>>> print(open('target.txt').read())   # compact mmCIF, C-alpha atoms and all ligand atoms
# COMPACT_ATOMS: atom_id res chain seq x y z
CA MET Z 80 149.17 27.77 -7.15
CA LYS Z 81 147.50 31.17 -7.75
CA LYS Z 82 147.75 33.54 -4.81
CA TYR Z 83 145.50 36.48 -3.94
CA ASP Z 84 145.54 38.99 -1.10
CA VAL Z 85 141.78 38.64 -0.81
CA ILE Z 86 139.40 35.92 -1.95
CA ILE Z 87 135.72 36.89 -2.06
CA ILE Z 88 133.43 33.88 -1.89
CA GLY Z 89 130.09 34.78 -3.51
CA CYS Z 90 129.23 37.29 -6.27
CA GLY Z 91 125.90 38.62 -4.90
CA PRO Z 92 125.50 42.18 -3.53
CA ALA Z 93 127.93 41.70 -0.61
CA GLY Z 94 130.59 40.24 -2.91
CA VAL Z 95 130.40 42.90 -5.64
CA ALA Z 96 130.43 45.79 -3.14
CA ALA Z 97 133.58 44.35 -1.54
CA ALA Z 98 135.11 43.87 -4.99
CA LYS Z 99 134.49 47.50 -5.95
CA ILE Z 100 136.35 48.76 -2.86
CA LEU Z 101 139.29 46.38 -3.51
CA ILE Z 102 139.45 47.61 -7.12
CA ASN Z 103 139.49 51.24 -5.91
CA ASN Z 104 142.42 50.38 -3.65
CA ASN Z 105 144.42 48.27 -6.15
CA ILE Z 106 144.24 45.13 -4.02
CA ASN Z 107 144.97 41.80 -5.67
CA PHE Z 108 141.77 39.75 -5.31
CA CYS Z 109 139.57 37.13 -6.93
CA MET Z 110 135.89 36.18 -6.67
CA ILE Z 111 134.50 32.66 -6.67
CA ASP Z 112 130.84 31.68 -7.10
CA LYS Z 113 129.31 28.22 -7.31
CA ASP Z 114 126.84 29.45 -9.96
CA LYS Z 115 127.27 30.81 -13.46
CA PHE Z 116 125.73 34.30 -13.78
CA PRO Z 117 122.99 35.24 -14.53
CA ARG Z 118 121.88 32.87 -11.79
CA LYS Z 119 118.46 32.59 -10.21
CA LYS Z 120 118.12 34.21 -6.82
CA LEU Z 121 114.89 34.12 -4.83
CA CYS Z 122 114.18 37.70 -3.85
CA ALA Z 123 111.46 40.33 -4.23
CA GLY Z 124 114.07 42.75 -5.60
CA GLY Z 125 112.94 45.77 -3.58
CA LEU Z 126 115.59 48.49 -3.27
CA THR Z 127 115.00 51.22 -0.70
CA ASN Z 128 116.11 54.78 -1.29
CA LYS Z 129 119.17 54.35 0.96
CA CYS Z 130 120.10 51.28 -1.09
CA VAL Z 131 119.83 53.28 -4.32
CA ASN Z 132 122.11 55.95 -2.81
CA LEU Z 133 124.68 53.32 -1.84
CA LEU Z 134 124.53 51.77 -5.32
CA ASN Z 135 125.21 55.21 -6.79
CA GLU Z 136 128.12 55.73 -4.40
CA LEU Z 137 129.63 52.41 -5.48
CA GLU Z 138 128.91 53.28 -9.14
CA PHE Z 139 126.61 50.33 -9.84
CA ASN Z 140 123.92 51.40 -12.30
CA PHE Z 141 120.63 49.52 -11.85
CA LYS Z 142 119.15 51.71 -14.63
CA ASN Z 143 120.88 49.40 -17.17
CA ILE Z 144 118.12 46.87 -16.47
CA PRO Z 145 114.30 47.16 -16.44
CA TYR Z 146 112.99 48.58 -13.16
CA ASN Z 147 109.82 50.01 -11.60
CA GLU Z 148 109.83 53.19 -9.56
CA ILE Z 149 107.68 52.65 -6.48
CA LYS Z 150 105.90 55.81 -5.42
CA GLN Z 151 103.30 54.35 -3.13
CA LEU Z 152 103.24 51.80 -0.35
CA SER Z 153 99.92 50.14 0.53
CA VAL Z 154 99.55 48.24 3.75
CA ARG Z 155 96.72 45.84 4.52
CA SER Z 156 95.90 45.23 8.15
CA ASN Z 157 92.65 43.94 9.64
CA ASN Z 158 91.20 43.93 6.10
CA LYS Z 159 91.73 47.67 5.79
CA ILE Z 160 94.07 49.23 3.21
CA TYR Z 161 96.25 52.16 4.23
CA THR Z 162 98.39 54.04 1.71
CA LEU Z 163 101.53 56.09 1.98
CA ASN Z 164 103.08 58.21 -0.77
CA LEU Z 165 106.84 57.82 -0.80
CA ASN Z 166 108.70 61.14 -1.19
CA ASP Z 167 111.85 59.18 -2.01
CA PRO Z 168 110.65 56.40 -4.32
CA ALA Z 169 111.85 52.83 -3.85
CA ILE Z 170 112.88 50.66 -6.81
CA SER Z 171 111.72 47.20 -7.83
CA VAL Z 172 114.05 45.09 -10.00
CA ASP Z 173 114.33 41.54 -11.19
CA ARG Z 174 116.96 40.19 -8.81
CA THR Z 175 118.59 37.82 -11.32
CA GLN Z 176 119.21 40.68 -13.74
CA PHE Z 177 120.27 43.02 -10.93
CA ASP Z 178 123.03 40.71 -9.65
CA ASN Z 179 124.20 39.95 -13.18
CA ASN Z 180 124.38 43.65 -14.05
CA ASN Z 181 126.45 44.39 -10.92
CA LEU Z 182 128.85 41.54 -11.64
CA ASN Z 183 129.23 42.66 -15.26
CA TYR Z 184 130.39 46.02 -13.95
CA ILE Z 185 133.09 44.34 -11.83
CA LYS Z 186 134.13 42.24 -14.86
CA LYS Z 187 135.17 45.46 -16.60
CA TYR Z 188 138.01 45.74 -14.07
CA THR Z 189 139.16 42.17 -13.53
CA ASP Z 190 139.28 38.72 -15.12
CA ASN Z 191 139.74 37.02 -11.77
CA ILE Z 192 136.13 35.95 -11.41
CA PHE Z 193 135.62 32.21 -11.23
CA GLU Z 194 132.01 31.19 -11.78
CA ASN Z 195 130.47 27.76 -11.73
CA GLU Z 196 133.04 26.75 -9.13
CA GLN Z 197 131.93 25.73 -5.65
CA VAL Z 198 134.20 26.26 -2.65
CA LYS Z 199 134.45 22.90 -0.92
CA GLU Z 200 136.98 23.44 1.82
CA ILE Z 201 139.12 26.12 3.43
CA THR Z 202 142.44 25.52 5.17
CA ASP Z 203 144.64 28.06 7.02
CA SER Z 204 146.01 29.40 3.75
CA VAL Z 205 144.21 27.72 0.85
CA VAL Z 206 140.68 27.84 -0.58
CA ILE Z 207 139.85 24.52 -2.24
CA THR Z 208 137.17 24.48 -4.93
CA GLU Z 209 135.89 21.65 -7.09
CA LYS Z 210 138.27 22.83 -9.85
CA ASP Z 211 141.33 24.47 -8.30
CA ASN Z 212 143.22 25.63 -5.21
CA TYR Z 213 143.90 29.28 -4.35
CA GLU Z 214 146.20 30.73 -1.69
CA TYR Z 215 144.91 33.71 0.27
CA ASN Z 216 145.76 36.22 2.99
CA TYR Z 217 142.15 37.25 3.69
CA ILE Z 218 138.72 35.82 2.88
CA ILE Z 219 135.49 37.78 2.56
CA PHE Z 220 132.55 35.45 3.06
CA ALA Z 221 129.78 36.82 0.82
CA ASP Z 222 128.32 33.37 0.24
CA GLY Z 223 124.80 33.98 1.52
CA VAL Z 224 122.69 32.23 4.09
CA ASN Z 225 123.55 28.62 3.16
CA GLY Z 226 127.14 28.92 1.92
CA ILE Z 227 130.31 27.29 3.19
CA SER Z 228 130.62 29.97 5.90
CA ARG Z 229 127.64 28.38 7.65
CA LYS Z 230 130.03 26.07 9.49
CA TYR Z 231 131.55 29.11 11.24
CA THR Z 232 128.23 30.55 12.40
CA ASN Z 233 125.28 29.50 14.40
CA LYS Z 234 122.51 31.08 12.37
CA ILE Z 235 118.89 31.34 13.37
CA LEU Z 236 116.70 31.37 10.30
CA GLY Z 237 113.37 32.69 9.13
CA PHE Z 238 111.68 31.51 5.96
CA CYS Z 239 110.27 33.11 2.76
CA VAL Z 240 108.33 31.77 -0.20
CA GLU Z 241 107.69 33.52 -3.48
CA SER Z 242 106.31 33.16 -6.98
CA ASN Z 243 106.53 35.27 -10.14
CA ILE Z 244 103.10 35.57 -11.74
CA LYS Z 245 102.66 37.00 -15.23
CA GLY Z 246 99.90 39.52 -15.76
CA LYS Z 247 98.77 43.04 -15.02
CA THR Z 248 100.89 44.86 -12.47
CA THR Z 249 100.26 47.89 -10.28
CA ASN Z 250 103.46 49.50 -11.69
CA ASP Z 251 104.34 52.01 -8.99
CA ASN Z 252 102.69 50.57 -5.89
CA ILE Z 253 103.77 47.78 -3.56
CA LEU Z 254 101.38 46.02 -1.26
CA LEU Z 255 102.35 44.57 2.11
CA SER Z 256 99.71 42.60 3.95
CA PHE Z 257 99.95 41.77 7.63
CA ASP Z 258 96.70 39.82 7.64
CA ASN Z 259 97.71 36.44 6.27
CA ILE Z 260 100.79 35.47 8.25
CA LYS Z 261 101.96 35.71 11.83
CA TYR Z 262 105.47 37.12 12.59
CA GLY Z 263 105.90 38.38 9.01
CA TYR Z 264 104.07 39.74 6.00
CA SER Z 265 102.94 38.98 2.44
CA TRP Z 266 103.91 41.18 -0.48
CA ILE Z 267 103.22 42.09 -4.09
CA PHE Z 268 106.11 43.76 -5.89
CA PRO Z 269 105.37 44.87 -9.47
CA LYS Z 270 108.00 44.06 -12.11
CA GLN Z 271 108.03 44.59 -15.86
CA GLY Z 272 105.18 42.32 -17.02
CA PHE Z 273 104.87 40.22 -13.88
CA ASN Z 274 104.28 40.45 -10.16
CA ASN Z 275 106.57 39.00 -7.53
CA ILE Z 276 104.33 37.63 -4.80
CA GLY Z 277 105.54 36.17 -1.59
CA MET Z 278 105.47 35.94 2.14
CA GLY Z 279 108.17 35.80 4.74
CA LYS Z 280 108.39 35.09 8.38
CA PHE Z 281 110.91 36.11 11.01
CA ARG Z 282 110.51 32.81 12.84
CA PHE Z 283 111.25 29.34 11.51
CA LEU Z 284 107.89 27.73 12.10
CA LYS Z 285 106.23 25.19 9.83
CA ASP Z 286 103.17 26.51 8.04
CA ASN Z 287 101.04 25.83 5.01
CA TYR Z 288 102.59 28.62 2.94
CA LYS Z 289 100.91 27.63 -0.31
CA GLU Z 290 97.44 27.81 1.18
CA MET Z 291 98.21 31.13 2.89
CA LEU Z 292 99.70 32.66 -0.27
CA ILE Z 293 96.76 31.55 -2.45
CA LYS Z 294 94.38 33.16 0.04
CA PHE Z 295 96.43 36.37 -0.14
CA CYS Z 296 96.39 36.29 -3.98
CA ASN Z 297 92.62 35.72 -4.07
CA GLU Z 298 92.08 38.72 -1.80
CA SER Z 299 94.34 40.77 -4.11
CA ASN Z 300 92.64 39.64 -7.38
CA ILE Z 301 95.72 37.77 -8.60
CA GLU Z 302 95.25 34.65 -10.72
CA THR Z 303 96.73 31.61 -8.97
CA LYS Z 304 96.18 28.68 -11.33
CA ASP Z 305 99.85 28.56 -12.41
CA ILE Z 306 101.36 29.36 -9.02
CA LYS Z 307 104.65 27.59 -8.36
CA LEU Z 308 106.25 28.35 -5.02
CA SER Z 309 109.94 28.41 -4.21
CA GLY Z 310 111.19 28.86 -0.69
CA PHE Z 311 114.41 30.08 0.85
CA HIS Z 312 115.83 30.87 4.26
CA ILE Z 313 116.31 34.38 5.50
CA PRO Z 314 118.82 34.86 8.32
CA LEU Z 315 117.78 36.65 11.49
CA PHE Z 316 120.12 39.32 12.78
CA ASN Z 317 122.04 38.21 15.86
CA THR Z 318 125.25 39.75 17.18
CA LYS Z 319 126.25 36.62 19.10
CA ARG Z 320 127.71 35.18 15.89
CA ASN Z 321 131.30 35.44 14.67
CA LEU Z 322 131.95 38.54 12.57
CA VAL Z 323 135.53 37.51 11.93
CA VAL Z 324 137.06 34.02 11.99
CA ASP Z 325 140.82 33.47 12.67
CA ASN Z 326 141.49 37.23 12.29
CA ASN Z 327 141.48 36.97 8.47
CA LYS Z 328 138.01 35.79 7.37
CA LEU Z 329 135.21 38.34 7.46
CA LEU Z 330 131.50 37.59 7.28
CA THR Z 331 129.22 39.90 5.30
CA GLY Z 332 125.61 40.07 4.09
CA ASP Z 333 123.45 36.98 4.66
CA ALA Z 334 126.58 35.00 5.59
CA PHE Z 335 126.55 36.93 8.87
CA GLY Z 336 122.83 37.73 8.99
CA PHE Z 337 122.78 41.43 8.10
CA VAL Z 338 119.04 41.61 7.45
CA ASP Z 339 116.61 44.20 8.80
CA PRO Z 340 114.56 42.46 11.53
CA VAL Z 341 111.43 44.52 10.75
CA THR Z 342 111.28 44.66 6.94
CA GLY Z 343 113.56 41.78 5.87
CA GLU Z 344 115.65 44.18 3.76
CA GLY Z 345 118.96 42.48 3.00
CA ILE Z 346 120.35 43.90 -0.26
CA TYR Z 347 121.32 47.24 1.28
CA TYR Z 348 122.96 45.58 4.30
CA ALA Z 349 124.79 43.10 2.07
CA LEU Z 350 126.22 45.94 -0.04
CA LEU Z 351 127.09 47.97 3.05
CA SER Z 352 128.74 45.16 5.01
CA GLY Z 353 130.64 44.01 1.88
CA LYS Z 354 131.94 47.55 1.41
CA ILE Z 355 132.90 47.88 5.10
CA ALA Z 356 134.61 44.45 5.13
CA ALA Z 357 136.81 45.40 2.17
CA GLU Z 358 137.58 48.82 3.68
CA SER Z 359 138.55 47.12 6.96
CA ILE Z 360 140.95 44.78 5.12
CA VAL Z 361 142.54 47.76 3.33
CA GLN Z 362 143.00 49.43 6.74
CA HIS Z 363 144.54 46.23 8.12
CA ILE Z 364 146.95 45.87 5.19
CA ASN Z 365 148.11 49.42 5.90
CA CYS Z 366 148.46 48.84 9.63
CA LYS Z 367 149.20 45.16 10.31
CA ASN Z 368 149.67 45.51 14.09
CA LYS Z 369 145.98 46.30 14.55
CA ASN Z 370 143.47 43.53 15.16
CA LEU Z 371 141.22 43.04 12.09
CA LYS Z 372 138.29 41.96 14.23
CA HIS Z 373 138.45 45.25 16.16
CA ILE Z 374 138.72 47.27 12.95
CA TYR Z 375 135.73 45.55 11.32
CA LYS Z 376 133.63 45.73 14.49
CA LYS Z 377 134.41 49.41 14.95
CA ASN Z 378 133.60 50.21 11.32
CA LEU Z 379 130.31 48.32 11.63
CA LYS Z 380 129.28 49.91 14.92
CA LYS Z 381 126.56 52.19 13.49
CA VAL Z 382 125.07 49.35 11.40
CA ILE Z 383 125.04 46.95 14.33
CA ASN Z 384 123.46 49.53 16.67
CA LYS Z 385 120.78 50.26 14.09
CA LEU Z 386 119.96 46.58 13.52
CA ASN Z 387 119.91 45.93 17.28
CA PHE Z 388 117.35 48.70 17.64
CA ARG Z 389 115.30 47.23 14.79
CA LYS Z 390 115.44 43.87 16.59
CA ILE Z 391 113.65 45.46 19.53
CA LEU Z 392 111.12 46.98 17.10
CA ASN Z 393 110.60 43.48 15.66
CA PHE Z 394 109.41 42.17 19.03
CA ILE Z 395 107.05 45.11 19.49
CA PHE Z 396 105.76 45.13 15.92
CA TYR Z 397 105.26 41.38 15.38
CA SER Z 398 103.11 41.02 18.48
CA SER Z 399 99.37 41.03 19.14
CA LEU Z 400 99.59 44.85 19.08
CA ARG Z 401 100.48 44.89 15.39
CA SER Z 402 97.15 46.09 13.94
CA ILE Z 403 96.90 48.86 16.56
CA ILE Z 404 100.48 49.96 15.81
CA ILE Z 405 99.72 50.10 12.05
CA LYS Z 406 96.58 52.17 12.72
CA VAL Z 407 98.62 54.60 14.83
CA LEU Z 408 101.41 54.79 12.23
CA PHE Z 409 98.93 55.85 9.56
CA PHE Z 410 97.20 58.32 11.90
CA ASN Z 411 98.64 61.63 10.64
CA LYS Z 412 101.49 63.10 8.62
CA HIS Z 413 103.98 62.98 11.54
CA THR Z 414 103.39 59.31 12.31
CA LYS Z 415 103.42 58.58 8.57
CA LYS Z 416 106.86 60.21 8.37
CA PHE Z 417 108.12 57.72 10.97
CA LEU Z 418 106.66 54.88 8.93
CA GLU Z 419 108.25 56.18 5.75
CA LYS Z 420 111.61 56.23 7.54
CA MET Z 421 111.09 52.60 8.56
CA PHE Z 422 110.84 51.58 4.89
CA ASN Z 423 113.34 54.06 3.47
C1 LIG B 1 112.12 35.39 -0.88
C2 LIG B 1 113.07 36.51 -0.47
C3 LIG B 1 112.72 37.82 -0.79
C4 LIG B 1 113.62 38.88 -0.45
N1 LIG B 1 113.29 40.15 -0.83
C5 LIG B 1 114.15 41.16 -0.57
C6 LIG B 1 113.88 42.49 -1.04
O1 LIG B 1 112.89 42.74 -1.70
N2 LIG B 1 114.78 43.47 -0.75
C7 LIG B 1 115.91 43.24 -0.01
O2 LIG B 1 116.66 44.18 0.25
N3 LIG B 1 116.20 41.98 0.43
C8 LIG B 1 115.37 40.94 0.16
N4 LIG B 1 115.68 39.66 0.57
C9 LIG B 1 116.96 39.43 1.26
C10 LIG B 1 118.10 39.43 0.24
O3 LIG B 1 117.80 38.60 -0.86
C11 LIG B 1 119.43 38.95 0.88
O4 LIG B 1 119.60 39.54 2.13
C12 LIG B 1 120.62 39.25 -0.03
O5 LIG B 1 120.53 38.50 -1.21
C13 LIG B 1 121.96 38.93 0.64
O6 LIG B 1 123.00 39.13 -0.30
P1 LIG B 1 124.40 38.36 -0.14
O7 LIG B 1 125.32 38.98 -1.14
O8 LIG B 1 124.80 38.33 1.28
O9 LIG B 1 124.10 36.84 -0.53
P2 LIG B 1 123.52 36.19 -1.87
O10 LIG B 1 122.85 37.18 -2.71
O11 LIG B 1 122.73 35.01 -1.41
O12 LIG B 1 124.81 35.70 -2.66
C14 LIG B 1 125.58 34.62 -2.18
C15 LIG B 1 126.37 34.04 -3.36
O13 LIG B 1 127.30 33.08 -2.84
C16 LIG B 1 127.34 31.97 -3.71
N5 LIG B 1 127.80 30.80 -2.93
C17 LIG B 1 127.17 30.19 -1.92
N6 LIG B 1 127.92 29.15 -1.46
C18 LIG B 1 129.03 29.10 -2.21
C19 LIG B 1 130.17 28.25 -2.24
N7 LIG B 1 130.32 27.22 -1.40
N8 LIG B 1 131.14 28.49 -3.17
C20 LIG B 1 131.03 29.52 -4.04
N9 LIG B 1 129.95 30.35 -4.06
C21 LIG B 1 128.98 30.16 -3.16
C22 LIG B 1 125.92 31.84 -4.22
O14 LIG B 1 125.85 31.15 -5.45
C23 LIG B 1 125.49 33.30 -4.35
O15 LIG B 1 125.69 33.80 -5.66
C24 LIG B 1 114.82 38.60 0.26
C25 LIG B 1 115.13 37.28 0.60
C26 LIG B 1 114.28 36.24 0.24
C27 LIG B 1 114.65 34.82 0.60
>>> encode(input="target.txt", output="structure tokens")
Amino acid sequence: MKKYDVIIIGCGPAGVAAAKILINNNINFCMIDKDKFPRKKLCAGGLTNKCVNLLNELEFNFKNIPYNEIKQLSVRSNNKIYTLNLNDPAISVDRTQFDNNNLNYIKKYTDNIFENEQVKEITDSVVITEKDNYEYNYIIFADGVNGISRKYTNKILGFCVESNIKGKTTNDNILLSFDNIKYGYSWIFPKQGFNNIGMGKFRFLKDNYKEMLIKFCNESNIETKDIKLSGFHIPLFNTKRNLVVDNNKLLTGDAFGFVDPVTGEGIYYALLSGKIAAESIVQHINCKNKNLKHIYKKNLKKVINKLNFRKILNFIFYSSLRSIIIKVLFFNKHTKKFLEKMFN
């Protein structure tokens, strides 16, 4: 049976960031994903400036694929449009191509990437897939919101729907509307030749998403006759979950619920938690008498504090005060700076 120090389950952003750190530290690892890449991933593909910086640090180059530079953020609230120029532009990519490009970079360093192979079971020392068995010392769960790690966590979920619609795009402007949905927002993200349109909610409440999204598109002059919606869960950040299981299995990205409670940003937090998980394992290998859970928790402290603060902001922002808060945030250059930070 093949044996690896670390098995990474999932080849999305959390998985590839972890892989890059293990490569840098010469750790024997493999990656397993149930899908063959390029695989479809529901996502608006918005990368904030801090995400771009982290990608650069990890040496992933999103400029290999088509992308839009977003220089302006428009916000609709109470039927009024407010705009904000972004000093540090955000990036909009096609998520399928983005994940494939990142994985291709990892493939330059290792052949131990097993795609199209679903993990079915995990014992104390063996990962069992539909094709093979692999022995491990550590596991990094980077398997997203609905992966096999779900059985170790008690996740509370929100919900998003989206559709890619061909046609004219705004190129360098994204629109967020807070008018059409409670506890969340609708968006238009321009891509190369199409718009990604969607809405997401930080509560798991049933709603007529199709009707709401068509209304949003009509208000935004977007043709809806071919609209086909796909929906997916988004995890809500909650520190009461396990970060580490059995002192050798670490949860990262959506598998834990590292998603910004105000904006829904998850790619940056997936990359960051994947990186920190791998760094924590390297530290543990070098100092076995330390507890891995303590190491990982300590290394994540800043991230967890930040997301806990954003959780409080979520309750304030997604309340009946929302339109007043937006008005205040767009009031002058100082308040706009705060807003820019929120989306940066
Ligand atoms: C509609 C929508 C729009 C979004 N828009 C944005 C956005 O614009 N910007 C942003 O920052 N975030 C956005 N997010 C959030 C973001 O997509 C996630 O937070 C991010 O993808 C998490 O990355 P991950 O690596 O943790 O998991 P994923 O990217 O979900 O990767 C998990 C991988 O694990 C694999 N896997 C799962 N189970 C198994 C198994 N049993 N065996 C083997 N492999 C398995 C899957 O095939 C997958 O490849 C959006 C989310 C949704 C739903």
>>> residues_near_ligand(input="target.txt", ligand="ligand LIG 1 (chain B)", cutoff="7 Å", atoms="all atoms listed in the file", output="PyMOL selection string")
chain Z and resi 88-94+111-114+120-126+196-199+221-227+238-241+277+279+310-313+331-334+338+343-347+349
>>> closest_residue(input="target.txt", among="Z:Ser242, Z:Phe283, Z:Val382, Z:Met110", to="Lys307 of chain Z", atoms="all atoms listed in the file")
Z:Ser242
>>> closest_residue(input="target.txt", among="Z:Val154, Z:Ile170, Z:Ile201, Z:Ile306", to="Ser265 of chain Z", atoms="all atoms listed in the file")
Z:Val154
>>> closest_residue(input="target.txt", among="Z:Asp190, Z:Asp167, Z:Glu138, Z:Asp325", to="Cys109 of chain Z", atoms="only C-alpha atoms")
Z:Asp190
>>> atom_distance(input="target.txt", atom1="atom CA of Ile185 of chain Z", atom2="atom CA of Asn275 of chain Z")
27.4 Å
>>> residues_around(input="target.txt", residues="Trp266 of chain Z", least_positions_apart="5", cutoff="6 Å", atoms="all atoms listed in the file", output="number ranges by chain")
Z: 254-255, 276-277
>>> write_last_selection(input="target.txt", atoms="C-alpha atoms", output="compact mmCIF listing (two decimals), in the coordinates of the input")
# COMPACT_ATOMS: atom_id res chain seq x y z
CA LEU Z 254 101.38 46.02 -1.26
CA LEU Z 255 102.35 44.57 2.11
CA ILE Z 276 104.33 37.63 -4.80
CA GLY Z 277 105.54 36.17 -1.59
>>> atom_distance(input="target.txt", atom1="atom CA of Arg118 of chain Z", atom2="atom CA of Arg229 of chain Z")
20.8 Å
>>> residues_near_point(input="target.txt", point="(99.8, 30.8, -13.5)", cutoff="10 Å", atoms="only C-alpha atoms", output="ChimeraX atom specification")
/Z:242-246,301-307
>>> atom_distance(input="target.txt", atom1="atom CA of Asn158 of chain Z", atom2="atom CA of Asp258 of chain Z")
7.0 Å
>>> closest_residue(input="target.txt", among="Z:Thr414, Z:Asn107, Z:Asn378, Z:Ser398", to="Ile260 of chain Z", atoms="all atoms listed in the file")
Z:Ser398
>>> build_atoms(input="target.txt", residues="segment 258-265 of chain Z", atoms="all heavy atoms", output="PDB file, keeping the file's coordinate frame")
ATOM      1  N   ASP Z 258      97.874  40.587   7.222  1.00  0.00           N
ATOM      2  CA  ASP Z 258      96.700  39.820   7.640  1.00  0.00           C
ATOM      3  C   ASP Z 258      96.869  38.312   7.526  1.00  0.00           C
ATOM      4  O   ASP Z 258      96.222  37.565   8.218  1.00  0.00           O
ATOM      5  CB  ASP Z 258      95.488  40.221   6.780  1.00  0.00           C
ATOM      6  CG  ASP Z 258      94.870  41.517   7.290  1.00  0.00           C
ATOM      7  OD1 ASP Z 258      95.263  41.952   8.389  1.00  0.00           O
ATOM      8  OD2 ASP Z 258      94.024  42.079   6.595  1.00  0.00           O
ATOM      9  N   ASN Z 259      97.729  37.866   6.603  1.00  0.00           N
ATOM     10  CA  ASN Z 259      97.710  36.440   6.270  1.00  0.00           C
ATOM     11  C   ASN Z 259      98.761  35.605   6.971  1.00  0.00           C
ATOM     12  O   ASN Z 259      98.768  34.392   6.858  1.00  0.00           O
ATOM     13  CB  ASN Z 259      97.898  36.246   4.748  1.00  0.00           C
ATOM     14  CG  ASN Z 259      96.925  37.078   3.970  1.00  0.00           C
ATOM     15  OD1 ASN Z 259      97.125  38.282   3.848  1.00  0.00           O
ATOM     16  ND2 ASN Z 259      95.872  36.465   3.490  1.00  0.00           N
ATOM     17  N   ILE Z 260      99.690  36.239   7.653  1.00  0.00           N
ATOM     18  CA  ILE Z 260     100.790  35.470   8.250  1.00  0.00           C
ATOM     19  C   ILE Z 260     101.230  36.100   9.562  1.00  0.00           C
ATOM     20  O   ILE Z 260     101.321  37.325   9.672  1.00  0.00           O
ATOM     21  CB  ILE Z 260     101.960  35.333   7.233  1.00  0.00           C
ATOM     22  CG1 ILE Z 260     103.066  34.456   7.786  1.00  0.00           C
ATOM     23  CG2 ILE Z 260     102.502  36.673   6.789  1.00  0.00           C
ATOM     24  CD1 ILE Z 260     104.080  34.004   6.737  1.00  0.00           C
ATOM     25  N   LYS Z 261     101.480  35.238  10.526  1.00  0.00           N
ATOM     26  CA  LYS Z 261     101.960  35.710  11.830  1.00  0.00           C
ATOM     27  C   LYS Z 261     103.475  35.928  11.766  1.00  0.00           C
ATOM     28  O   LYS Z 261     104.162  35.202  11.057  1.00  0.00           O
ATOM     29  CB  LYS Z 261     101.684  34.608  12.853  1.00  0.00           C
ATOM     30  CG  LYS Z 261     100.812  35.042  14.013  1.00  0.00           C
ATOM     31  CD  LYS Z 261     100.611  33.865  14.921  1.00  0.00           C
ATOM     32  CE  LYS Z 261     100.193  34.333  16.290  1.00  0.00           C
ATOM     33  NZ  LYS Z 261     100.087  33.239  17.217  1.00  0.00           N
ATOM     34  N   TYR Z 262     104.013  36.846  12.490  1.00  0.00           N
ATOM     35  CA  TYR Z 262     105.470  37.120  12.590  1.00  0.00           C
ATOM     36  C   TYR Z 262     106.103  37.483  11.253  1.00  0.00           C
ATOM     37  O   TYR Z 262     107.285  37.247  11.036  1.00  0.00           O
ATOM     38  CB  TYR Z 262     106.240  35.926  13.181  1.00  0.00           C
ATOM     39  CG  TYR Z 262     105.682  35.401  14.468  1.00  0.00           C
ATOM     40  CD1 TYR Z 262     105.259  34.089  14.563  1.00  0.00           C
ATOM     41  CD2 TYR Z 262     105.607  36.220  15.585  1.00  0.00           C
ATOM     42  CE1 TYR Z 262     104.740  33.588  15.748  1.00  0.00           C
ATOM     43  CE2 TYR Z 262     105.082  35.731  16.761  1.00  0.00           C
ATOM     44  CZ  TYR Z 262     104.655  34.416  16.835  1.00  0.00           C
ATOM     45  OH  TYR Z 262     104.143  33.930  17.983  1.00  0.00           O
ATOM     46  N   GLY Z 263     105.325  37.987  10.296  1.00  0.00           N
ATOM     47  CA  GLY Z 263     105.900  38.380   9.010  1.00  0.00           C
ATOM     48  C   GLY Z 263     104.857  39.086   8.172  1.00  0.00           C
ATOM     49  O   GLY Z 263     103.876  39.598   8.712  1.00  0.00           O
ATOM     50  N   TYR Z 264     105.065  39.101   6.881  1.00  0.00           N
ATOM     51  CA  TYR Z 264     104.070  39.740   6.000  1.00  0.00           C
ATOM     52  C   TYR Z 264     104.090  39.106   4.612  1.00  0.00           C
ATOM     53  O   TYR Z 264     105.032  38.415   4.239  1.00  0.00           O
ATOM     54  CB  TYR Z 264     104.311  41.252   5.926  1.00  0.00           C
ATOM     55  CG  TYR Z 264     105.640  41.683   5.349  1.00  0.00           C
ATOM     56  CD1 TYR Z 264     105.839  41.838   3.980  1.00  0.00           C
ATOM     57  CD2 TYR Z 264     106.715  41.980   6.194  1.00  0.00           C
ATOM     58  CE1 TYR Z 264     107.054  42.246   3.464  1.00  0.00           C
ATOM     59  CE2 TYR Z 264     107.947  42.393   5.693  1.00  0.00           C
ATOM     60  CZ  TYR Z 264     108.106  42.522   4.324  1.00  0.00           C
ATOM     61  OH  TYR Z 264     109.314  42.923   3.811  1.00  0.00           O
ATOM     62  N   SER Z 265     103.016  39.396   3.850  1.00  0.00           N
ATOM     63  CA  SER Z 265     102.940  38.980   2.440  1.00  0.00           C
ATOM     64  C   SER Z 265     103.175  40.215   1.600  1.00  0.00           C
ATOM     65  O   SER Z 265     102.935  41.333   2.057  1.00  0.00           O
ATOM     66  CB  SER Z 265     101.569  38.434   2.082  1.00  0.00           C
ATOM     67  OG  SER Z 265     101.058  37.670   3.129  1.00  0.00           O
TER      68      SER Z 265
END
